[in-house]
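Q: Sharing model.cif, mmCIF, C-alpha atoms:
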```cif
data_target
loop_
_atom_site.label_atom_id
_atom_site.label_comp_id
_atom_site.auth_asym_id
_atom_site.auth_seq_id
_atom_site.Cartn_x
_atom_site.Cartn_y
_atom_site.Cartn_z
CA MET R 1 89.12 79.04 65.50
CA ASP R 2 89.56 80.27 61.92
CA GLN R 3 90.32 83.82 60.87
CA THR R 4 86.71 84.50 59.88
CA GLU R 5 85.33 83.55 63.24
CA LEU R 6 88.08 85.48 65.01
CA ALA R 7 87.20 88.60 63.02
CA ILE R 8 83.50 88.16 63.79
CA ARG R 9 84.20 87.78 67.52
CA THR R 10 86.46 90.84 67.48
CA ILE R 11 83.79 92.94 65.78
CA ILE R 12 81.08 91.74 68.14
CA GLY R 13 83.36 92.60 71.04
CA GLN R 14 84.00 96.08 69.68
CA PHE R 15 80.54 97.03 68.45
CA GLY R 16 78.10 94.60 70.05
CA ARG R 17 78.19 96.21 73.50
CA LEU R 18 77.44 92.83 75.06
CA ALA R 19 77.30 92.24 78.79
CA ALA R 20 79.53 89.20 78.29
CA ASP R 21 83.02 88.97 76.78
CA ALA R 22 82.60 88.00 73.11
CA ALA R 23 85.50 85.55 73.44
CA SER R 24 83.58 83.57 76.04
CA LEU R 25 80.49 83.00 73.88
CA ASP R 26 79.72 79.70 72.18
CA ASP R 27 79.10 79.74 68.44
CA SER R 28 75.44 79.18 69.09
CA SER R 29 75.02 81.55 72.05
CA ASP R 30 72.08 83.88 71.57
CA LEU R 31 73.64 87.31 71.06
CA TYR R 32 70.39 89.13 71.87
CA GLU R 33 70.24 87.31 75.20
CA ALA R 34 73.85 88.40 75.74
CA GLY R 35 72.81 92.05 75.33
CA LEU R 36 72.96 92.78 71.60
CA THR R 37 70.43 95.52 70.85
CA SER R 38 68.72 96.18 67.55
CA HIS R 39 70.90 99.23 66.91
CA ALA R 40 74.14 97.51 67.96
CA SER R 41 73.38 94.78 65.41
CA VAL R 42 73.39 97.51 62.74
CA ASN R 43 76.83 98.68 63.91
CA VAL R 44 78.04 95.05 63.87
CA MET R 45 76.66 94.65 60.35
CA LEU R 46 78.44 97.76 59.05
CA ALA R 47 81.70 96.67 60.68
CA LEU R 48 81.38 93.20 59.14
CA GLU R 49 80.82 94.77 55.74
CA ASP R 50 84.02 96.81 56.19
CA GLU R 51 86.02 93.82 57.41
CA PHE R 52 84.94 91.40 54.69
CA ASP R 53 84.40 93.97 51.92
CA LEU R 54 80.84 92.90 51.25
CA GLU R 55 77.33 94.28 51.61
CA PHE R 56 74.53 92.47 53.37
CA PRO R 57 71.51 92.33 51.07
CA GLU R 58 68.30 93.70 52.56
CA ARG R 59 66.77 90.22 52.77
CA MET R 60 69.47 89.34 55.32
CA LEU R 61 68.69 92.30 57.57
CA ARG R 62 66.62 90.13 59.82
CA ARG R 63 66.93 89.43 63.51
CA ALA R 64 67.84 85.80 62.79
CA THR R 65 70.96 86.73 60.80
CA PHE R 66 72.69 88.27 63.81
CA SER R 67 71.33 85.93 66.46
CA SER R 68 74.60 84.04 66.99
CA ILE R 69 78.22 83.89 65.83
CA ALA R 70 77.32 80.78 63.84
CA THR R 71 74.48 82.47 61.95
CA ILE R 72 76.65 85.48 61.13
CA ARG R 73 79.45 83.25 59.87
CA ASP R 74 77.07 81.14 57.80
CA MET X 1 45.80 108.91 64.24
CA THR X 2 47.40 109.01 60.84
CA ASP X 3 45.21 107.37 58.21
CA HIS X 4 47.43 105.52 55.77
CA GLY X 5 44.38 104.18 53.93
CA TYR X 6 45.53 100.59 54.30
CA LYS X 7 42.93 98.05 53.38
CA GLY X 8 43.46 94.34 53.22
CA PRO X 9 42.98 90.91 54.65
CA GLU X 10 43.55 89.71 58.20
CA PRO X 11 46.51 91.02 60.19
CA PHE X 12 49.45 88.90 61.35
CA ALA X 13 48.78 86.80 64.42
CA ARG X 14 52.32 86.73 65.85
CA SER X 15 52.81 90.33 66.96
CA PRO X 16 51.39 91.72 70.23
CA VAL X 17 47.76 91.94 69.28
CA THR X 18 44.68 93.03 71.13
CA ARG X 19 41.33 92.25 69.59
CA ARG X 20 37.96 93.69 70.40
CA GLU X 21 34.87 93.45 68.28
CA GLY X 22 35.73 94.92 64.91
CA ILE X 23 39.11 96.32 65.96
CA THR X 24 42.60 94.80 66.15
CA LEU X 25 45.44 96.71 67.78
CA ARG X 26 49.15 96.06 67.38
CA VAL X 27 51.90 97.71 69.40
CA GLY X 28 55.67 97.92 69.04
CA ILE X 29 58.27 99.63 71.22
CA ASP X 30 62.04 100.03 71.11
CA LEU X 31 64.81 101.56 73.24
CA VAL X 32 68.08 102.83 71.74
CA PRO X 33 71.26 103.89 73.57
CA ILE X 34 72.17 107.27 72.06
CA ALA X 35 75.89 106.49 72.44
CA GLU X 36 75.51 103.67 69.88
CA VAL X 37 74.13 106.14 67.34
CA ARG X 38 76.94 108.58 68.05
CA GLU X 39 79.48 105.77 67.63
CA ALA X 40 77.91 104.72 64.33
CA ILE X 41 78.07 108.26 62.95
CA GLU X 42 81.70 108.64 64.00
CA GLN X 43 82.77 105.20 62.78
CA PHE X 44 80.73 104.72 59.62
CA GLY X 45 79.55 108.21 58.61
CA ASP X 46 77.42 108.42 55.49
CA ARG X 47 77.36 104.63 55.04
CA TYR X 48 75.38 104.42 58.27
CA LEU X 49 73.27 107.51 57.66
CA ASP X 50 72.34 106.60 54.08
CA ARG X 51 71.48 103.02 55.05
CA LEU X 52 69.07 103.90 57.82
CA PHE X 53 67.63 107.37 57.24
CA THR X 54 65.99 109.27 54.41
CA ASP X 55 67.21 112.69 53.30
CA ALA X 56 64.12 114.24 54.89
CA GLU X 57 64.79 112.54 58.23
CA ARG X 58 68.38 113.74 58.20
CA ALA X 59 67.29 117.28 57.33
CA VAL X 60 64.89 117.42 60.30
CA CYS X 61 67.64 116.32 62.65
CA GLY X 62 69.65 119.39 61.71
CA ALA X 63 73.36 120.06 62.05
CA ASN X 64 73.86 120.33 65.80
CA VAL X 65 76.08 117.39 66.68
CA ASP X 66 74.59 116.80 70.11
CA ARG X 67 71.04 116.93 68.86
CA ILE X 68 71.63 114.80 65.77
CA ALA X 69 72.41 111.61 67.69
CA SER X 70 69.39 111.85 69.99
CA ARG X 71 66.99 112.66 67.16
CA LEU X 72 68.32 109.91 64.94
CA ALA X 73 68.15 107.50 67.86
CA GLU X 74 64.46 108.38 68.29
CA ARG X 75 63.88 107.71 64.61
CA PHE X 76 65.72 104.42 64.67
CA ALA X 77 63.63 103.38 67.67
CA ALA X 78 60.51 104.31 65.70
CA LYS X 79 61.63 102.14 62.79
CA GLU X 80 62.31 99.18 65.09
CA ALA X 81 58.98 99.63 66.84
CA THR X 82 57.30 99.60 63.43
CA ILE X 83 59.16 96.44 62.47
CA LYS X 84 57.76 94.80 65.58
CA VAL X 85 54.27 95.80 64.47
CA LEU X 86 54.69 94.64 60.87
CA GLN X 87 56.76 91.48 61.54
CA PRO X 88 58.46 91.30 58.11
CA GLU X 89 59.85 87.89 57.21
CA ASP X 90 62.02 88.89 54.28
CA GLY X 91 64.33 91.48 55.79
CA VAL X 92 64.03 95.23 56.00
CA THR X 93 65.09 98.32 54.10
CA TYR X 94 65.15 100.85 56.93
CA THR X 95 64.39 103.78 54.66
CA ASP X 96 61.08 102.13 53.72
CA ILE X 97 59.95 103.16 57.20
CA GLU X 98 60.12 106.92 57.42
CA VAL X 99 59.36 109.28 60.28
CA VAL X 100 57.77 112.39 58.84
CA ALA X 101 57.32 115.70 60.61
CA ARG X 102 53.84 117.20 60.74
CA PRO X 103 53.32 120.99 60.65
CA ASP X 104 52.16 120.91 64.28
CA GLY X 105 55.50 119.46 65.36
CA SER X 106 54.29 115.92 65.93
CA SER X 107 55.63 112.96 64.01
CA ALA X 108 53.98 110.27 61.95
CA LEU X 109 54.98 107.18 60.01
CA ALA X 110 55.14 106.87 56.24
CA LEU X 111 55.60 103.35 54.89
CA HIS X 112 57.09 102.78 51.45
CA GLY X 113 57.60 99.80 49.16
CA PRO X 114 57.43 96.38 50.86
CA MET X 115 56.69 97.90 54.25
CA GLY X 116 53.63 99.68 52.89
CA GLU X 117 52.53 96.48 51.21
CA LEU X 118 52.98 94.56 54.43
CA ALA X 119 50.79 97.03 56.30
CA ARG X 120 48.12 96.79 53.60
CA LYS X 121 48.17 92.99 53.70
CA ALA X 122 47.87 93.16 57.48
CA GLY X 123 44.78 95.30 57.12
CA LEU X 124 46.27 98.19 59.07
CA THR X 125 44.17 101.30 58.59
CA GLY X 126 46.10 103.74 60.76
CA SER X 127 48.97 104.20 63.18
CA SER X 128 50.20 106.51 65.90
CA LEU X 129 53.79 107.24 66.84
CA SER X 130 55.36 108.67 69.97
CA MET X 131 59.07 109.28 70.52
CA THR X 132 61.12 110.46 73.49
CA HIS X 133 64.68 110.70 74.68
CA SER X 134 66.71 111.34 77.80
CA ALA X 135 70.42 112.09 78.13
CA HIS X 136 71.39 108.53 77.27
CA TYR X 137 68.42 106.75 75.69
CA ALA X 138 65.82 107.28 73.00
CA ALA X 139 62.56 105.36 72.76
CA ALA X 140 59.58 105.11 70.47
CA ALA X 141 56.21 103.41 70.57
CA VAL X 142 53.95 102.63 67.63
CA VAL X 143 50.31 101.62 67.82
CA ALA X 144 48.60 100.41 64.68
CA VAL X 145 44.95 99.59 64.19
CA ALA X 146 43.18 97.25 61.78
CA ALA X 147 39.48 97.83 61.52
CA GLU X 148 37.69 94.76 60.28
CA ALA X 149 35.28 95.36 57.44
CA ARG X 150 31.70 94.75 58.51
CA ALA X 151 29.32 92.94 56.19
CA LYS X 152 26.19 94.89 55.36
CA SER X 153 23.04 93.27 56.79
#
```
Take the structure in the file and write it out as structure tokens.

A:
Amino acid sequence: MDQTELAIRTIIGQFGRLAADAASLDDSSDLYEAGLTSHASVNVMLALEDEFDLEFPERMLRRATFSSIATIRD
Amino acid sequence: MTDHGYKGPEPFARSPVTRREGITLRVGIDLVPIAEVREAIEQFGDRYLDRLFTDAERAVCGANVDRIASRLAERFAAKEATIKVLQPEDGVTYTDIEVVARPDGSSALALHGPMGELARKAGLTGSSLSMTHSAHYAAAAVVAVAAEARAKS
């Protein structure tokens, strides 16, 4: 697992409020099925922006962007 | 119902839709844990508030710390419920969906920019908003109506 994915999993674990442990999820696991709410995805987004010093453009603020660890990483 | 004056072609087919002769209804609903809003305010502060809420929405929520989180949670739920009605494909600017306070104390939706355009394209002619909260959760429901234009005989 590279540093980027580790950071994403850590942030999801801290802010995603999932029912499952973020470390146990596959890259393609559906985060919404795992308990990610619409508001928690906003918290995850803001934390990702802090971690990677970037800003998600509005066009990426779609449900699909935060649907899995793989889609967030990509 | 609030009349936004939206006129346009046929509404989206993918959202929850009920059709009767001449009328199409769409509904959206969302539930928000208030603790997540509180956490966002504490962790991200103005970055979070500026991203999601307009100055007017923040002013209505006031300065009482306990009340702010529940009121903002209601408003976020309203925005998400509206997103479910409008089904945007190109992403969302949350402040383009605004909860406005009416003089009688009720709340209504104001749609700006791309969200307003989306409603117009969907032929939505009006909407109604209801919000609520308990100790731990806030919720909102939005019903929007598209009245089909009738040809003159």

Q: Please report, as a Markdown table, each residue of segment 51-147 of chain X lying at most 7 Å from segment 47-62 of chain R, together with the nearest pair of atoms and the separation in Å rounded to one decimal; use all atoms listed in the file, and order rows by chain and ascending residue number.

A:
```
| residue | atom | partner | partner_atom | distance |
| --- | --- | --- | --- | --- |
| X:Asp90 | CA | R:Arg59 | CA | 5.2 |
| X:Gly91 | CA | R:Arg59 | CA | 4.1 |
| X:Val92 | CA | R:Glu58 | CA | 5.7 |
| X:Thr93 | CA | R:Glu58 | CA | 5.8 |
```

Q: List every protein, DNA or RNA residue that has an atom no more than 9 Å from (76.2, 82.2, 67.0) in the file's coordinate frame, counting all atoms listed in the file, and report them as a PDB file with C-alpha atoms, in the coordinates of the input.

A:
```
ATOM      1  CA  LEU R  25      80.490  83.000  73.880  1.00  0.00           C
ATOM      2  CA  ASP R  26      79.720  79.700  72.180  1.00  0.00           C
ATOM      3  CA  ASP R  27      79.100  79.740  68.440  1.00  0.00           C
ATOM      4  CA  SER R  28      75.440  79.180  69.090  1.00  0.00           C
ATOM      5  CA  SER R  29      75.020  81.550  72.050  1.00  0.00           C
ATOM      6  CA  ASP R  30      72.080  83.880  71.570  1.00  0.00           C
ATOM      7  CA  LEU R  31      73.640  87.310  71.060  1.00  0.00           C
ATOM      8  CA  PHE R  66      72.690  88.270  63.810  1.00  0.00           C
ATOM      9  CA  SER R  67      71.330  85.930  66.460  1.00  0.00           C
ATOM     10  CA  SER R  68      74.600  84.040  66.990  1.00  0.00           C
ATOM     11  CA  ILE R  69      78.220  83.890  65.830  1.00  0.00           C
ATOM     12  CA  ALA R  70      77.320  80.780  63.840  1.00  0.00           C
ATOM     13  CA  THR R  71      74.480  82.470  61.950  1.00  0.00           C
ATOM     14  CA  ILE R  72      76.650  85.480  61.130  1.00  0.00           C
ATOM     15  CA  ARG R  73      79.450  83.250  59.870  1.00  0.00           C
TER      16      ARG R  73
END
```

Q: Running the PyMOL selection byres ((chain X) within 12 of (chain R)) on this model by hand, what would come out? Give it as a PyMOL selection string.

A: chain X and resi 29-52+72-81+83-84+87-96+114+137-139

Q: Only C-alpha atoms, please: the residues just picked out, written as a PDB file, in the frame of the given file.

A:
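New file part.pdb:
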```pdb
ATOM      1  CA  ILE X  29      58.270  99.630  71.220  1.00  0.00           C
ATOM      2  CA  ASP X  30      62.040 100.030  71.110  1.00  0.00           C
ATOM      3  CA  LEU X  31      64.810 101.560  73.240  1.00  0.00           C
ATOM      4  CA  VAL X  32      68.080 102.830  71.740  1.00  0.00           C
ATOM      5  CA  PRO X  33      71.260 103.890  73.570  1.00  0.00           C
ATOM      6  CA  ILE X  34      72.170 107.270  72.060  1.00  0.00           C
ATOM      7  CA  ALA X  35      75.890 106.490  72.440  1.00  0.00           C
ATOM      8  CA  GLU X  36      75.510 103.670  69.880  1.00  0.00           C
ATOM      9  CA  VAL X  37      74.130 106.140  67.340  1.00  0.00           C
ATOM     10  CA  ARG X  38      76.940 108.580  68.050  1.00  0.00           C
ATOM     11  CA  GLU X  39      79.480 105.770  67.630  1.00  0.00           C
ATOM     12  CA  ALA X  40      77.910 104.720  64.330  1.00  0.00           C
ATOM     13  CA  ILE X  41      78.070 108.260  62.950  1.00  0.00           C
ATOM     14  CA  GLU X  42      81.700 108.640  64.000  1.00  0.00           C
ATOM     15  CA  GLN X  43      82.770 105.200  62.780  1.00  0.00           C
ATOM     16  CA  PHE X  44      80.730 104.720  59.620  1.00  0.00           C
ATOM     17  CA  GLY X  45      79.550 108.210  58.610  1.00  0.00           C
ATOM     18  CA  ASP X  46      77.420 108.420  55.490  1.00  0.00           C
ATOM     19  CA  ARG X  47      77.360 104.630  55.040  1.00  0.00           C
ATOM     20  CA  TYR X  48      75.380 104.420  58.270  1.00  0.00           C
ATOM     21  CA  LEU X  49      73.270 107.510  57.660  1.00  0.00           C
ATOM     22  CA  ASP X  50      72.340 106.600  54.080  1.00  0.00           C
ATOM     23  CA  ARG X  51      71.480 103.020  55.050  1.00  0.00           C
ATOM     24  CA  LEU X  52      69.070 103.900  57.820  1.00  0.00           C
ATOM     25  CA  LEU X  72      68.320 109.910  64.940  1.00  0.00           C
ATOM     26  CA  ALA X  73      68.150 107.500  67.860  1.00  0.00           C
ATOM     27  CA  GLU X  74      64.460 108.380  68.290  1.00  0.00           C
ATOM     28  CA  ARG X  75      63.880 107.710  64.610  1.00  0.00           C
ATOM     29  CA  PHE X  76      65.720 104.420  64.670  1.00  0.00           C
ATOM     30  CA  ALA X  77      63.630 103.380  67.670  1.00  0.00           C
ATOM     31  CA  ALA X  78      60.510 104.310  65.700  1.00  0.00           C
ATOM     32  CA  LYS X  79      61.630 102.140  62.790  1.00  0.00           C
ATOM     33  CA  GLU X  80      62.310  99.180  65.090  1.00  0.00           C
ATOM     34  CA  ALA X  81      58.980  99.630  66.840  1.00  0.00           C
ATOM     35  CA  ILE X  83      59.160  96.440  62.470  1.00  0.00           C
ATOM     36  CA  LYS X  84      57.760  94.800  65.580  1.00  0.00           C
ATOM     37  CA  GLN X  87      56.760  91.480  61.540  1.00  0.00           C
ATOM     38  CA  PRO X  88      58.460  91.300  58.110  1.00  0.00           C
ATOM     39  CA  GLU X  89      59.850  87.890  57.210  1.00  0.00           C
ATOM     40  CA  ASP X  90      62.020  88.890  54.280  1.00  0.00           C
ATOM     41  CA  GLY X  91      64.330  91.480  55.790  1.00  0.00           C
ATOM     42  CA  VAL X  92      64.030  95.230  56.000  1.00  0.00           C
ATOM     43  CA  THR X  93      65.090  98.320  54.100  1.00  0.00           C
ATOM     44  CA  TYR X  94      65.150 100.850  56.930  1.00  0.00           C
ATOM     45  CA  THR X  95      64.390 103.780  54.660  1.00  0.00           C
ATOM     46  CA  ASP X  96      61.080 102.130  53.720  1.00  0.00           C
ATOM     47  CA  PRO X 114      57.430  96.380  50.860  1.00  0.00           C
ATOM     48  CA  TYR X 137      68.420 106.750  75.690  1.00  0.00           C
ATOM     49  CA  ALA X 138      65.820 107.280  73.000  1.00  0.00           C
ATOM     50  CA  ALA X 139      62.560 105.360  72.760  1.00  0.00           C
TER      51      ALA X 139
END
```

Q: By how many Å are atom CA of Ile8 of chain R and atom CA of Ala23 of chain R apart?

A: 10.2 Å

Q: Please identify all polymer residues within 8 Å of segment 106-113 of chain X, counting only C-alpha atoms, omitting same-chain residues fewer than 6 positions from it, and present them as a ChimeraX atom specification.

A: /X:2,4,96-100,127-130

Q: Determine the residue membership of the PyMOL selection byres ((chain X and resi 147) around 8) for the file above and supply it as number ranges by chain.

A: X: 22-24, 123-125, 145-146, 148-149

Q: What would segment 14-39 of chain R look like with N, CA and C atoms in place, written as a PDB file, in the coordinates of the input?

A:
```pdb
ATOM      1  N   GLN R  14      83.800  94.640  69.812  1.00  0.00           N
ATOM      2  CA  GLN R  14      84.000  96.080  69.680  1.00  0.00           C
ATOM      3  C   GLN R  14      82.697  96.855  69.522  1.00  0.00           C
ATOM      4  N   PHE R  15      81.752  96.286  68.793  1.00  0.00           N
ATOM      5  CA  PHE R  15      80.540  97.030  68.450  1.00  0.00           C
ATOM      6  C   PHE R  15      79.263  96.468  69.074  1.00  0.00           C
ATOM      7  N   GLY R  16      79.317  95.244  69.577  1.00  0.00           N
ATOM      8  CA  GLY R  16      78.100  94.600  70.050  1.00  0.00           C
ATOM      9  C   GLY R  16      77.617  95.100  71.386  1.00  0.00           C
ATOM     10  N   ARG R  17      78.545  95.674  72.164  1.00  0.00           N
ATOM     11  CA  ARG R  17      78.190  96.210  73.500  1.00  0.00           C
ATOM     12  C   ARG R  17      77.483  95.146  74.342  1.00  0.00           C
ATOM     13  N   LEU R  18      78.042  93.925  74.308  1.00  0.00           N
ATOM     14  CA  LEU R  18      77.440  92.830  75.060  1.00  0.00           C
ATOM     15  C   LEU R  18      77.820  92.921  76.533  1.00  0.00           C
ATOM     16  N   ALA R  19      76.979  92.318  77.358  1.00  0.00           N
ATOM     17  CA  ALA R  19      77.300  92.240  78.790  1.00  0.00           C
ATOM     18  C   ALA R  19      78.438  91.255  79.013  1.00  0.00           C
ATOM     19  N   ALA R  20      78.491  90.227  78.143  1.00  0.00           N
ATOM     20  CA  ALA R  20      79.530  89.200  78.290  1.00  0.00           C
ATOM     21  C   ALA R  20      80.698  89.472  77.359  1.00  0.00           C
ATOM     22  N   ASP R  21      81.852  88.903  77.653  1.00  0.00           N
ATOM     23  CA  ASP R  21      83.020  88.970  76.780  1.00  0.00           C
ATOM     24  C   ASP R  21      82.740  88.118  75.547  1.00  0.00           C
ATOM     25  N   ALA R  22      82.911  88.718  74.354  1.00  0.00           N
ATOM     26  CA  ALA R  22      82.600  88.000  73.110  1.00  0.00           C
ATOM     27  C   ALA R  22      83.429  86.727  72.973  1.00  0.00           C
ATOM     28  N   ALA R  23      84.637  86.726  73.555  1.00  0.00           N
ATOM     29  CA  ALA R  23      85.500  85.550  73.440  1.00  0.00           C
ATOM     30  C   ALA R  23      84.949  84.366  74.226  1.00  0.00           C
ATOM     31  N   SER R  24      84.091  84.644  75.190  1.00  0.00           N
ATOM     32  CA  SER R  24      83.580  83.570  76.040  1.00  0.00           C
ATOM     33  C   SER R  24      82.298  82.949  75.486  1.00  0.00           C
ATOM     34  N   LEU R  25      81.760  83.494  74.418  1.00  0.00           N
ATOM     35  CA  LEU R  25      80.490  83.000  73.880  1.00  0.00           C
ATOM     36  C   LEU R  25      80.697  81.761  73.024  1.00  0.00           C
ATOM     37  N   ASP R  26      79.747  80.825  73.124  1.00  0.00           N
ATOM     38  CA  ASP R  26      79.720  79.700  72.180  1.00  0.00           C
ATOM     39  C   ASP R  26      79.275  80.208  70.818  1.00  0.00           C
ATOM     40  N   ASP R  27      79.558  79.381  69.793  1.00  0.00           N
ATOM     41  CA  ASP R  27      79.100  79.740  68.440  1.00  0.00           C
ATOM     42  C   ASP R  27      77.606  79.936  68.374  1.00  0.00           C
ATOM     43  N   SER R  28      76.900  79.173  69.182  1.00  0.00           N
ATOM     44  CA  SER R  28      75.440  79.180  69.090  1.00  0.00           C
ATOM     45  C   SER R  28      74.782  80.030  70.177  1.00  0.00           C
ATOM     46  N   SER R  29      75.597  80.700  70.995  1.00  0.00           N
ATOM     47  CA  SER R  29      75.020  81.550  72.050  1.00  0.00           C
ATOM     48  C   SER R  29      74.137  82.624  71.440  1.00  0.00           C
ATOM     49  N   ASP R  30      73.003  82.855  72.063  1.00  0.00           N
ATOM     50  CA  ASP R  30      72.080  83.880  71.570  1.00  0.00           C
ATOM     51  C   ASP R  30      72.644  85.268  71.888  1.00  0.00           C
ATOM     52  N   LEU R  31      73.011  86.001  70.856  1.00  0.00           N
ATOM     53  CA  LEU R  31      73.640  87.310  71.060  1.00  0.00           C
ATOM     54  C   LEU R  31      72.656  88.314  71.648  1.00  0.00           C
ATOM     55  N   TYR R  32      71.380  88.193  71.312  1.00  0.00           N
ATOM     56  CA  TYR R  32      70.390  89.130  71.870  1.00  0.00           C
ATOM     57  C   TYR R  32      70.236  88.883  73.365  1.00  0.00           C
ATOM     58  N   GLU R  33      70.280  87.617  73.770  1.00  0.00           N
ATOM     59  CA  GLU R  33      70.240  87.310  75.200  1.00  0.00           C
ATOM     60  C   GLU R  33      71.486  87.854  75.903  1.00  0.00           C
ATOM     61  N   ALA R  34      72.597  87.907  75.170  1.00  0.00           N
ATOM     62  CA  ALA R  34      73.850  88.400  75.740  1.00  0.00           C
ATOM     63  C   ALA R  34      73.918  89.922  75.750  1.00  0.00           C
ATOM     64  N   GLY R  35      72.875  90.597  75.229  1.00  0.00           N
ATOM     65  CA  GLY R  35      72.810  92.050  75.330  1.00  0.00           C
ATOM     66  C   GLY R  35      72.874  92.806  74.022  1.00  0.00           C
ATOM     67  N   LEU R  36      72.934  92.098  72.889  1.00  0.00           N
ATOM     68  CA  LEU R  36      72.960  92.780  71.600  1.00  0.00           C
ATOM     69  C   LEU R  36      71.619  93.476  71.363  1.00  0.00           C
ATOM     70  N   THR R  37      71.659  94.780  71.123  1.00  0.00           N
ATOM     71  CA  THR R  37      70.430  95.520  70.850  1.00  0.00           C
ATOM     72  C   THR R  37      70.208  95.606  69.335  1.00  0.00           C
ATOM     73  N   SER R  38      69.022  96.069  68.964  1.00  0.00           N
ATOM     74  CA  SER R  38      68.720  96.180  67.550  1.00  0.00           C
ATOM     75  C   SER R  38      69.679  97.155  66.868  1.00  0.00           C
ATOM     76  N   HIS R  39      69.998  98.264  67.532  1.00  0.00           N
ATOM     77  CA  HIS R  39      70.900  99.230  66.910  1.00  0.00           C
ATOM     78  C   HIS R  39      72.342  98.722  66.882  1.00  0.00           C
TER      79      HIS R  39
END
```
